[in-house]
Each structure stands twice: as structure tokens, then as C-alpha cells.
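Colleague: If you scroll down you'll find the structure; I have some questions about it.
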Amino acid sequence: EAGVAQSPRYKIIEKRQSVAFWCNPISGHATLYWYQQILGQGPKLLIQFQNNGVVDDSQLPKDRFSAERLKGVDSTLKIQPAKLEDSAVYLCASSWQGRTEAFFGQGTRLTVV
Amino acid sequence: AQSVAQPEDQVNVAEGNPLTVKCTYSVSGNPYLFWYVQYPNRGLQFLLKYITGDNLVKGSYGFEAEFNKSQTSFHLKKPSALVSDSALYFCAVRDMNRDDKIIFGKGTRLHILP
């Protein structure tokens with residue numbers, strides 16, 4: 001069984017630039033999550049999708065972050081414009097129907113300079 | 001709202017000794033509880049979960065965890081530590097009776113001394 005795929009693995013951008021991350025969840029997983037993990041901290045949930053609908057985006061900084069999950073499969077997370085404090089690892093995860101454990105991709109390490 | 005506390009930033013254990021990584025949680029309903037491990041430059045790997053039933057759950061790589069409802073704890077344990085167990089460990093909780101958010105603790109770095 002293929003795992004959660006994320007790209008790119010690494011990204012370096014200047015502040016005020018925009019960036020996008022892509023995630024392909026495990027086939028059949030209805031729930032998809034985006035987490036932000038700042039160095040030395042635990043993952044923080046940014047947004048959770050159930051199929052292509054948003055379940056929770058209460059911690060997503062909506063003035064600069066956006067996410068979509070078209071057709072209930074792949075998802076993209078965008079930051080525009082980026083700030084220095086956005087430097088973090090962005091983790092995508094998926095699970096069956098939101099009632100079991102989540103499986104994580106390897107993450108995208110973003111550095112904003 | 002649910003929350004998870006991992007009181008130790010780092011735990012040091014000699015190889016071959018038993019290890020314990022502590023976790024306490026707070027939820028309004030019944031919890032789903034998880035442990036994940038993270039190696040450098042990798043995503044989180046699922047170790048084990050408690051959903052219901054036996055309070056002692058067994059997972060990958062010889063790890064186990066004990067659910068204690070009265071103490072709202074879910075400590076991770078292993079009878080004999082290996083140097084390769086050195087990594088960052090995260091406890092997580094999901095509230096069965098509310099939303100499906102998975103909330104993580106801040107993590108505990110486990111260092112196994114050869």
C-alpha cells in the first residue's frame with residue numbers, strides 16, 4: 001500500500017513570496033489533515049478535510065494560508081505572502097473516515113529567508 | 001477542548017533498561033489515544049493506539065502503552081531499550097464524542113545511551 005505522498009521535500013523562499021505544497025493521501029482515505037510543525041514543537045493542526053469539505057480550519061491563518069481538496073483526493077496548501085515565522089515542516093496526513101489513526105507523509109520543510 | 005501534556009522534554013535511558021515516556025490527556029468524552037515516533041527529517045510514524053478494551057496495548061518495535069482512565073494517562077513503555085529507539089515521541093488524542101481532530105503533545109526526545 002502506497003503511503004501519503006508530499007512534494008516538494010524542501011523549499012526555500014524569500015519573505016513575501018508565495019509557495020504551494022501538494023499532498024496525495026492514501027487511496028480510500030476520506031479524511032485529510034495539514035499540520036504545521038515548528039522546530040521543537042509538536043504538530044499543530046491547520047486544516048482538516050472530510051472528503052472535499054472542510055471539517056476544521058480554526059487554526060489556519062486565513063489572511064495568508066489557503067487550502068483546497070478538489071474531488072476529495074489530492075490537496076494543496078498555499079501560503080501567500082510568506083513570513084519568516086512560517087518556517088516549519090508542513091505535514092500532510094490521512095485516515096479512514098476520521099475515526100482511526102492518521103498516517104503521515106514525510107513532510108515539506110519550508111525555510112523563509 | 002482536548003489537550004495532551006508530555007511533561008518531559010527529554011528522557012535518557014541506558015541501553016537494555018526499561019523505558020517510560022509519560023503522557024497525560026484531557027478530553028470531554030472518551031478518548032482515542034495514539035503514540036507516534038519521528039526520526040530526523042522524517043514524518044511521523046504510527047506506533048500504537050488505544051480505542052477501547054484492554055488497558056495495555058502493544059504496538060510496533062516492542063513498544064506498549066498503558067491506558068489509565070482515573071489518572072488520564074497513556075504512558076509509553078518498552079521493557080528493554082535499544083540505541084535505535086532514540087527519536088522524538090509524540091502522544092496524541094482524539095475525542096470520540098466530539099470532532100475528529102487529532103491533537104498532539106509537544107514531544108519527548110528519547111535518548112538511549114549505549
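Letters A, B, ... mark the chains of the C-alpha cells in the order given; residue numbers begin at 1 per chain; ligand numbers begin at 1, in order shown.
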Do me a favour and pick out the residues of chain A within 12 Å of chain B, using only C-alpha atoms, as a ChimeraX atom specification.
Modeller: /A:3-6,9-10,31-50,54-59,88-109
Colleague: Can you tell me, as a PDB file with N, CA, C and O atoms, in the first residue's frame, what residues are no more than 7 Å from Lys77 in chain B when counting only C-alpha atoms, ignoring any on the same chain fewer than 2 positions away?
Modeller:
ATOM      1  N   LEU B  19      12.177   1.566  29.589  1.00  0.00           N
ATOM      2  CA  LEU B  19      11.932   2.985  29.381  1.00  0.00           C
ATOM      3  C   LEU B  19      10.452   3.302  29.535  1.00  0.00           C
ATOM      4  O   LEU B  19       9.587   2.456  29.276  1.00  0.00           O
ATOM      5  N   THR B  20      10.193   4.534  29.961  1.00  0.00           N
ATOM      6  CA  THR B  20       8.828   5.059  30.056  1.00  0.00           C
ATOM      7  C   THR B  20       8.836   6.494  29.564  1.00  0.00           C
ATOM      8  O   THR B  20       9.675   7.289  29.994  1.00  0.00           O
ATOM      9  N   VAL B  21       7.909   6.804  28.675  1.00  0.00           N
ATOM     10  CA  VAL B  21       7.685   8.175  28.222  1.00  0.00           C
ATOM     11  C   VAL B  21       6.269   8.545  28.630  1.00  0.00           C
ATOM     12  O   VAL B  21       5.309   7.884  28.255  1.00  0.00           O
ATOM     13  N   PHE B  63       7.164  -1.765  21.529  1.00  0.00           N
ATOM     14  CA  PHE B  63       6.576  -0.763  22.413  1.00  0.00           C
ATOM     15  C   PHE B  63       5.190  -1.179  22.874  1.00  0.00           C
ATOM     16  O   PHE B  63       4.468  -1.879  22.162  1.00  0.00           O
ATOM     17  N   GLU B  64       4.821  -0.700  24.034  1.00  0.00           N
ATOM     18  CA  GLU B  64       3.488  -0.875  24.571  1.00  0.00           C
ATOM     19  C   GLU B  64       3.108   0.379  25.337  1.00  0.00           C
ATOM     20  O   GLU B  64       3.956   1.212  25.660  1.00  0.00           O
ATOM     21  N   ALA B  65       1.818   0.507  25.613  1.00  0.00           N
ATOM     22  CA  ALA B  65       1.358   1.672  26.371  1.00  0.00           C
ATOM     23  C   ALA B  65       0.216   1.250  27.269  1.00  0.00           C
ATOM     24  O   ALA B  65      -0.579   0.364  26.923  1.00  0.00           O
ATOM     25  N   HIS B  75       0.960   6.254  29.191  1.00  0.00           N
ATOM     26  CA  HIS B  75       2.428   6.229  29.153  1.00  0.00           C
ATOM     27  C   HIS B  75       2.947   5.165  28.196  1.00  0.00           C
ATOM     28  O   HIS B  75       2.443   4.036  28.165  1.00  0.00           O
ATOM     29  N   PRO B  79      10.245  -2.761  27.585  1.00  0.00           N
ATOM     30  CA  PRO B  79      10.973  -3.478  28.632  1.00  0.00           C
ATOM     31  C   PRO B  79      12.487  -3.334  28.541  1.00  0.00           C
ATOM     32  O   PRO B  79      13.168  -3.283  29.558  1.00  0.00           O
TER      33      PRO B  79
END
Colleague: Report, in Å to a single decimal, how far apart CA of Pro40 in chain B and CA of Lys83 in chain A are.
Modeller: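 Interatomic distance, CA of Lys83 in chain A to CA of Pro40 in chain B: 24.6 Å.
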Colleague: Which parts of range 30-83 of chain A does DSSP call strand (DSSP E) when run on the backbone here, written out as a PyMOL selection string?
Modeller: chain A and resi 31-37+44-50+53-56+65-68+75-79
Colleague: Let me make sure I understand: among A:Asn52, A:Ser7, A:Ser66, A:Thr111, which one has the smallest atom-to-atom distance to Leu84 in chain A if we use only C-alpha atoms?
Modeller: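 Distance minimum relative to Leu84 in chain A lands on A:Thr111.
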Colleague: Mind listing the helix (DSSP H, G or I) residues of chain B, per DSSP on the backbone, as a ChimeraX atom specification?
Modeller: /B:60-62,83-85
Colleague: Looking at only C-alpha atoms, which of B:Ser80, B:Asn30, B:Ser60, B:Ser73 is the one that sits closest to Ala5 in chain B?
Modeller: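 Comparing B:Ser80, B:Asn30, B:Ser60, B:Ser73 against Ala5 in chain B, the winner is B:Ser73.
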Colleague: Find the distance between CA of Gly72 in chain A and CA of Leu110 in chain A and write it in Å to one decimal.
Modeller: 25.1 Å
Colleague: Tell me which protein, DNA and RNA residues are within 10 Å of Ser18 in chain A, counting only C-alpha atoms, leaving out same-chain ones fewer than 5 positions away, and put them as a PDB file with N, CA, C and O atoms, in the first residue's frame.
Modeller:
ATOM      1  N   ILE A  13      12.253  30.083   0.281  1.00  0.00           N
ATOM      2  CA  ILE A  13      11.698  31.251  -0.398  1.00  0.00           C
ATOM      3  C   ILE A  13      12.020  32.489   0.412  1.00  0.00           C
ATOM      4  O   ILE A  13      12.370  32.410   1.593  1.00  0.00           O
ATOM      5  N   ARG A  64      -3.429  34.563   5.059  1.00  0.00           N
ATOM      6  CA  ARG A  64      -2.286  34.233   4.204  1.00  0.00           C
ATOM      7  C   ARG A  64      -2.247  32.768   3.771  1.00  0.00           C
ATOM      8  O   ARG A  64      -1.584  32.427   2.799  1.00  0.00           O
ATOM      9  N   PHE A  65      -2.934  31.918   4.484  1.00  0.00           N
ATOM     10  CA  PHE A  65      -2.941  30.480   4.169  1.00  0.00           C
ATOM     11  C   PHE A  65      -4.283  30.113   3.524  1.00  0.00           C
ATOM     12  O   PHE A  65      -5.333  30.606   3.929  1.00  0.00           O
ATOM     13  N   LYS A  78      -1.454  26.529   0.378  1.00  0.00           N
ATOM     14  CA  LYS A  78      -0.746  27.678  -0.169  1.00  0.00           C
ATOM     15  C   LYS A  78      -0.509  28.724   0.905  1.00  0.00           C
ATOM     16  O   LYS A  78      -1.362  28.929   1.787  1.00  0.00           O
ATOM     17  N   ILE A  79       0.629  29.370   0.807  1.00  0.00           N
ATOM     18  CA  ILE A  79       0.938  30.497   1.685  1.00  0.00           C
ATOM     19  C   ILE A  79       1.265  31.696   0.792  1.00  0.00           C
ATOM     20  O   ILE A  79       2.110  31.607  -0.097  1.00  0.00           O
ATOM     21  N   GLN A  80       0.542  32.799   1.027  1.00  0.00           N
ATOM     22  CA  GLN A  80       0.773  33.995   0.239  1.00  0.00           C
ATOM     23  C   GLN A  80       0.299  35.231   0.984  1.00  0.00           C
ATOM     24  O   GLN A  80      -0.909  35.346   1.241  1.00  0.00           O
ATOM     25  N   PRO A  81       1.174  36.122   1.388  1.00  0.00           N
ATOM     26  CA  PRO A  81       2.637  36.071   1.286  1.00  0.00           C
ATOM     27  C   PRO A  81       3.250  35.384   2.504  1.00  0.00           C
ATOM     28  O   PRO A  81       2.679  35.408   3.596  1.00  0.00           O
ATOM     29  N   ALA A  82       4.399  34.811   2.319  1.00  0.00           N
ATOM     30  CA  ALA A  82       5.049  34.104   3.422  1.00  0.00           C
ATOM     31  C   ALA A  82       5.743  35.074   4.369  1.00  0.00           C
ATOM     32  O   ALA A  82       6.229  36.141   3.964  1.00  0.00           O
ATOM     33  N   LYS A  83       5.773  34.679   5.638  1.00  0.00           N
ATOM     34  CA  LYS A  83       6.501  35.428   6.658  1.00  0.00           C
ATOM     35  C   LYS A  83       7.607  34.545   7.219  1.00  0.00           C
ATOM     36  O   LYS A  83       7.565  33.312   7.090  1.00  0.00           O
TER      37      LYS A  83
END
